[in-house]
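Here the structure is laid out as structure tokens; the discussion comes afterwards.
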Amino acid sequence: MIFLKLLEGIVGIGALSIAVGLLFMGIGRKITARIHRRYGPPVLQNFIDIFKLFSKSSISHGFAFDLGLVAGVSALIAAVVFLPMGQINLFPHNSSLIMILYLMTMAYLGMAMGVSSSGNPNATIGIARALTMMMGYEVPFAAVIFSVYIFAKTGSLTNIVAAQGGGFLNWNMVRLPFGFLAAEIALQGMLGEKPFDMAIAPAEIASGPMVELGGKYLGFGMLQHAVGIYLETGIMVDLFLGGASNIWIFVVKQFELFFIALLINAILPRFKIEDGVKFMWKVPLLLGVIQALIVVL
Amino acid sequence: MNYNVIWLVFTPLIGSAIAAILYKVKFLDRIVTFSTFVITLFLVFSTHVGQSYSLNLNFMNKVLPLSWNVTHLSIFMLYISVIFGTILTFYSLIDKSKMKGFLLLLILAANNWIFTTNDMIGFFFAWELMGWASVVSVLGGRDEKASRHAALYYALMSIAGSYSMFFGIFTLWRLTGSFAISTNVAYLSSIVGVHPWWVIGIVSLFFVTFMIKAGIFPFHTWVPMAYAWAPDTFTPFLSAVMSKYGIYGMLLFLPISLMEKGVPTAFGLPWVNYIFMWIGVITAVVGTVLAFFQDDVKKLFAYSSFSNLGYIVAAIALFTPVGVTAGIYHAFNHLLFKGALFITLAAVISRTGTSKMSEMGGLWRKMPVTFFTFFVGIASAAGIPPFNGFGSKWLVYQAMIKQHLPFATVMLFLASTGAFMYLFKAFHSVFLGQRSHRYDNVKEVPVIGQIVEYFLMFAMIFFGLQPGYILRPIGAIVSSMGLKPLHVMSNGYVTGMFSNVYMPIIGWSLAVSFTFGFILFFISAKHKYVSQEDNYTAGQLPEEWNLTPETYQFSWKFYEPVESVFAPFFKVKVDGFFRGLADWTVATSSAIKEIFVSNAQMYAFFAVVGLIIFVIAGWAA
């Protein structure tokens with residue numbers, strides 16, 4: 001019974017998250033291009049890219065490389081299944097936020113293992129930068145999460161969404177404004193958008209983790225990014241924007257968050273890694289701490 | 001009277017005597033060690049809660065009552081320590097290091113004694129036996145000089161701890177006239193409302209010992225040295241089992257709950273508990289930060305161990321049902337994954353002959369079983385579900401948030417994210433990346449080692465998916481401490497205060513999504529395998545640049561940016577404090593020595609002054 005539900009869930013939600021993620025990426029390219037006064041590729045360009053990549057032959061560096069890249073996408077999809085999104089909420093009693101965050105870590109570990117097993121130092125430098133940045137943004141994000149936990153007296157995303165029912169003024173975005181700002185900056189780092197895109201800095205380390213990827217491996221990398229966008233913005237929607245009553249509103253809310261991230265991405269240069277971490281530990285962490293103090297006291 | 005309780009102590013002692021006779025023949029020594037562990041394991045299986053034994057020793061016309069009593073906590077600790085020891089000694093059948101089996105058996109005897117004893121004299125004897133046997137075990141690592149230095153440092157810390165505990169034991173004996181632990185703990189909790197400072201003072205005498213043994217900040221300085229330079233097959237025992245003795249001791253004394261006695265509180269906790277909780281949090285963070293910058297892989301995991309014990313201390317210091325459950329559960333999980341990690345490291349070091357991460361790399365093709373065990377181990381240590389480390393970390397957070405301690409929780413979260421970073425550093429530097437040509441002929445560990453690795457891998461996944469098998473016994477321990485245990489719905493659930501996690505569903509979800517991932521992988525276009533030299537080098541030919549696998553491997557200064565973030569904190573050195581203390585002691589002692597040896601007149605003067613003081617004191621009394 002659970003198994004069938006999971007099967008449906010993973011096929012359906014996997015396809016949904018990939019489609020939405022790729023669409024967001026396509027729209028993102030278009031918007032960034034317009035900000036830069038370019039025409040930009042078609043909105044569906046990323047779908048075309050995926051089909052192209054999966055039909056091209058490629059090189060692999062061994063079973064750890066294969067396993068790691070597959071794990072990068074699969075573990076993220078396994079995490080998306082537990083995310084309440086609108087009326088789609090497969091496991092309402094099993095949607096602990098911390099569990100989802102730690103399950104996401106498995107995808108990063110898989111990806112990191114895959115690209116590092118290729119033996120290219122550029123890839124590993126990229127991973128080391130990404131992990132350093134992760135330490136940067138996870139601390140303010142954790143402060144915000146625990147504030148929400150204490151505020152809502154629950155750790156389950158389903159209940160956090162339920163607690164925000166009944167109109168705009170009940171959203172955590174309004175009730176916990178400092179926490180929302182901190183989480184918004186942390187989200188910028190989570191999505192790997194500028195000014196926090198040191199991990200894949202193309203001009204410095206040859207696209208970092210992606211350096212050895214080609215064909216379907218690059219395809220898996222792209223899918224991971226797509227699902228990652230979906231999951232991370234989805235968590236933010238559930239945490240702060242009151243969830244949604246159906247999946248369409250949910251996606252629209254996700255897009256709002258992604259749109260803000262895109263606008264920041266389009267105009268800012270890149271931080272140095274240590275400056276990025278220090279920034280994360282100054283501004284957003286301060287906001288998160290203020291929020292935590294307000295909630296506790 | 002249940003004799004098998006006392007046989008738990010005597011069997012390893014007999015085995016130890018046999019192993020000591022046979023220690024020249026390494027294989028026989030290992031066989032005897034392993035079979036003694038197996039026999040002890042069967043004895044543990046026949047031990048039940050409530051069994052007790054007592055014995056009156058006649059010592060210089062004084063009766064020394066020794067008693068043994070099996071509690072829920074002791075049976076849990078016995079099971080996990082002896083089972084892990086059995087696995088480790090099975091692995092050490094193929095081990096070639098200089099570890100001596102009889103010392104391990106002495107530690108086992110002490111282990112069983114510590115966990116079952118109910119009197120402080122036995123506790124102290126067993127503690128000393130364990131301490132000295134482990135100090136001698138640390139000798140005989142790969143680098144003789146370094147391991148001697150490490151053993152000396154460890155011995156000094158142990159002695160300091162022992163003095164402290166000895167003083168505590170006899171202070172309590174003067175007060176209650178009894179050596180029984182339960183009597184003394186009951187006495188302390190009865191007077192805590194009247195004389196809180198006395199209780200804190202006496203209990204801290206014990207806690208210093210326990211903190212030294214567990215390696216809690218600021219007494220952690222011996223940990224990296226001893227772990228790094230101990231024989232490779234002894235380090236797993238040191239990290240997995242022996243660090244838990246301190247935790248066990250703390251759990252004995254924590255029921256002196258200061259909660260209801262009107263003691264001043266801080267953030268809903270008695271302030272002593274609050275401070276102790278912060279010590280745990282600082283331990284977790286300091287261990288994590290120091291682990292980033294190690295090049296010796298065993299040292300890295302030593303700091304990791306130290307950091308994980310911080311989690312345990314922070315959780316049990318709360319002394320709430322969730323806190324104690326989380327602490328003991330994390331102690332178990334840490335035993336399992338850190339044991340597995342150190343065993344795989346022993347396997348790697350036995351094949352490569354080095355523990356420097358900058359000299360390793362790319363071993364995953366050569367040692368696939370070890371590689372996967374290590375992978376599952378770091379996934380557990382990073383707290384990734386459905387492996388076993390997740391449930392306890394998650395419960396620790398729940399326990400902290402329940403007490404409204406967001407800052408401590410955030411610090412622990414930082415330690416956890418940092419843990420992921422240093423674990424990946426070790427993973428990459430040992431197994432991934434470019435493999436040096438030196439290791440072209442490296443082989444997988446022998447079959448026995450592989451069996452152990454498969455078993456540990458299985459255990460880490462099994463206890464991750466079925467946490468109930470551990471949470472139920474922990475529930476019994478928690479209720480035996482007078483707290484309300486967490487409700488365990490079924491074996492698959494980790495039940496927290498804020499939400500529940502059903503572990504098997506995560507496992508199924510991952511299984512299904514991985515199946516689809518691999519279907520997509522295999523139906524899409526073909527791939528071909530290339531060697532590690534076939535790599536992107538920006539259009540340059542590697543030969544022209546004299547590029548070798550060693551120089552094309554990234555493992556030196558792995559987290560350089562983090563170093564600049566944490567730079568201000570590196571100026572503080574706890575080790576420096578102890579060194580300063582040592583220098584000060586030497587200076588003071590030599591100043592005192594000057595009195596005796598430099599000038600006869602001065603000596604006579606002090607002798608007369610001393611005599612006068614004695615006479616006056618005697619007269620006044």
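Chain labels run A, B, ... following the order of the structure tokens; each chain numbers its residues from 1, and ligands are numbered from 1 in the order shown.
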
For stretch 326-334 of chain B, please output as an MDAnalysis selection string all residues within 9 Å (counting only C-alpha atoms; exclusion window: fewer than 5 positions along the same chain).
chainID B and resid 77 80 239:240 244 247 305 308:309 311:317 321 339 380:381 388:399 460 463 470:471 474

Restrict the selected residues to C-alpha atoms and save them as a PDB file, in the first residue's frame.
ATOM      1  CA  MET B  77      26.196  -0.764  27.764  1.00  0.00           C
ATOM      2  CA  ILE B  80      26.894  -2.747  22.840  1.00  0.00           C
ATOM      3  CA  SER B 239      36.808   5.795  20.205  1.00  0.00           C
ATOM      4  CA  ALA B 240      33.737   3.579  20.054  1.00  0.00           C
ATOM      5  CA  LYS B 244      31.426   5.958  26.609  1.00  0.00           C
ATOM      6  CA  ILE B 247      29.124   9.094  29.591  1.00  0.00           C
ATOM      7  CA  SER B 305      34.787  11.631  18.016  1.00  0.00           C
ATOM      8  CA  ASN B 308      30.189  13.737  18.754  1.00  0.00           C
ATOM      9  CA  LEU B 309      30.695  13.292  22.490  1.00  0.00           C
ATOM     10  CA  TYR B 311      26.432  16.117  21.256  1.00  0.00           C
ATOM     11  CA  ILE B 312      25.917  13.356  23.800  1.00  0.00           C
ATOM     12  CA  VAL B 313      26.879  15.571  26.734  1.00  0.00           C
ATOM     13  CA  ALA B 314      24.707  18.444  25.522  1.00  0.00           C
ATOM     14  CA  ALA B 315      21.753  16.080  25.251  1.00  0.00           C
ATOM     15  CA  ILE B 316      22.105  14.281  28.581  1.00  0.00           C
ATOM     16  CA  ALA B 317      22.862  17.528  30.411  1.00  0.00           C
ATOM     17  CA  PRO B 321      13.176  12.334  28.704  1.00  0.00           C
ATOM     18  CA  GLY B 339      33.759   1.992  15.103  1.00  0.00           C
ATOM     19  CA  SER B 380      25.725   7.904   9.179  1.00  0.00           C
ATOM     20  CA  ALA B 381      28.119  10.292  10.855  1.00  0.00           C
ATOM     21  CA  ASN B 388      21.794   5.197  11.747  1.00  0.00           C
ATOM     22  CA  GLY B 389      23.210   8.578  12.738  1.00  0.00           C
ATOM     23  CA  PHE B 390      20.116  10.519  11.752  1.00  0.00           C
ATOM     24  CA  GLY B 391      17.644   9.532  14.459  1.00  0.00           C
ATOM     25  CA  SER B 392      19.810  10.561  17.366  1.00  0.00           C
ATOM     26  CA  LYS B 393      20.933  13.899  15.926  1.00  0.00           C
ATOM     27  CA  TRP B 394      17.332  14.662  15.153  1.00  0.00           C
ATOM     28  CA  LEU B 395      16.300  13.772  18.711  1.00  0.00           C
ATOM     29  CA  VAL B 396      19.092  15.960  20.102  1.00  0.00           C
ATOM     30  CA  TYR B 397      17.689  18.944  18.191  1.00  0.00           C
ATOM     31  CA  GLN B 398      14.194  18.120  19.433  1.00  0.00           C
ATOM     32  CA  ALA B 399      15.409  17.944  23.015  1.00  0.00           C
ATOM     33  CA  MET B 460      24.373   0.834  10.129  1.00  0.00           C
ATOM     34  CA  PHE B 463      19.566   0.273  12.919  1.00  0.00           C
ATOM     35  CA  ILE B 470      17.488   0.492  20.247  1.00  0.00           C
ATOM     36  CA  LEU B 471      14.884   2.986  21.398  1.00  0.00           C
ATOM     37  CA  ILE B 474      16.678   3.097  26.000  1.00  0.00           C
TER      38      ILE B 474
END

Define the interface residues of chain B facing chain A as those within 7 Å, counting only C-alpha atoms, and report them as a ChimeraX atom specification.
/B:383-385,401,404,406,410,413-414,417-418,421,428,432-434,498-502,509-510,512-514,517-518,524-532,535-536,552-554,558-559,561-562,564-565

Determine which residues of stretch 18-239 of chain A DSSP labels as alpha helix (DSSP H) from the backbone of this structure, then write them out as a PyMOL selection string.
chain A and resi 18-35+45-54+63-80+97-117+121-152+157-163+172-175+177-191+202-205+216-239

Which value, in Å to one decimal, gives the distance between atom CA of B:Ala228 and atom CA of B:Val138?
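Distance reported for this atom pair: 9.4 Å.
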
List as a compact mmCIF listing (two decimals) with N, CA and C atoms, in the first residue's frame the protein and nucleic acid residues near B:Ser137, meaning an atom at most 9 Å away when only C-alpha atoms are counted, but skip any in the same chain fewer than 5 places from it.
# COMPACT_ATOMS: atom_id res chain seq x y z
N LYS B 98 50.98 -3.89 16.49
CA LYS B 98 51.60 -4.41 17.71
C LYS B 98 50.62 -4.43 18.88
N MET B 99 49.32 -4.39 18.59
CA MET B 99 48.36 -4.41 19.69
C MET B 99 48.44 -5.75 20.41
N LYS B 100 48.35 -5.69 21.76
CA LYS B 100 48.45 -6.93 22.52
C LYS B 100 47.08 -7.33 23.02
N LEU B 103 45.96 -7.03 26.83
CA LEU B 103 45.58 -5.71 27.33
C LEU B 103 44.13 -5.41 27.01
N LEU B 104 43.73 -5.80 25.79
CA LEU B 104 42.34 -5.59 25.41
C LEU B 104 41.41 -6.39 26.33
N TRP B 132 44.96 2.08 32.95
CA TRP B 132 46.35 1.67 32.73
C TRP B 132 46.50 0.72 31.56
N ALA B 151 51.02 8.26 24.85
CA ALA B 151 50.66 7.44 26.00
C ALA B 151 50.99 8.17 27.29
N ALA B 230 47.69 5.48 18.67
CA ALA B 230 47.43 4.14 19.18
C ALA B 230 47.51 3.16 18.00
N PRO B 231 47.71 1.85 18.29
CA PRO B 231 47.69 0.88 17.20
C PRO B 231 46.37 0.98 16.44
N PHE B 234 43.41 -0.69 17.76
CA PHE B 234 42.97 -0.34 19.10
C PHE B 234 42.15 0.95 19.08

Can you build me a table of stretch 361-443 of chain B residues sitting at most 7 Å from stretch 273-285 of chain B, with the closest atom pair per residue and its distance in Å to one decimal, using only C-alpha atoms, sorted by chain and residue number, as CSV?
residue,atom,partner,partner_atom,distance
B:Ala408,CA,B:Val281,CA,6.5
B:Met411,CA,B:Val281,CA,6.8
B:Leu412,CA,B:Val281,CA,6.3
B:Ala415,CA,B:Val285,CA,5.0

If you keep N, CA and C atoms, can you produce a file of those selected residues as an mmCIF file, in the first residue's frame?
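Just written: part_8.cif:
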data_model
loop_
_atom_site.group_PDB
_atom_site.id
_atom_site.type_symbol
_atom_site.label_atom_id
_atom_site.label_comp_id
_atom_site.auth_asym_id
_atom_site.auth_seq_id
_atom_site.Cartn_x
_atom_site.Cartn_y
_atom_site.Cartn_z
ATOM 1 N N ALA B 408 21.983 27.312 21.291
ATOM 2 C CA ALA B 408 22.731 26.061 21.418
ATOM 3 C C ALA B 408 22.386 25.133 20.262
ATOM 4 N N MET B 411 24.231 26.179 17.187
ATOM 5 C CA MET B 411 25.644 25.777 17.274
ATOM 6 C C MET B 411 25.802 24.304 16.950
ATOM 7 N N LEU B 412 24.896 23.472 17.465
ATOM 8 C CA LEU B 412 24.980 22.053 17.157
ATOM 9 C C LEU B 412 24.748 21.804 15.671
ATOM 10 N N ALA B 415 27.838 22.482 13.973
ATOM 11 C CA ALA B 415 28.757 21.355 14.132
ATOM 12 C C ALA B 415 28.390 20.236 13.174
#

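Atom pair atom CA of A:Pro92 / atom CA of A:Gly166 has a distance of 19.4 Å (rounded to one decimal).
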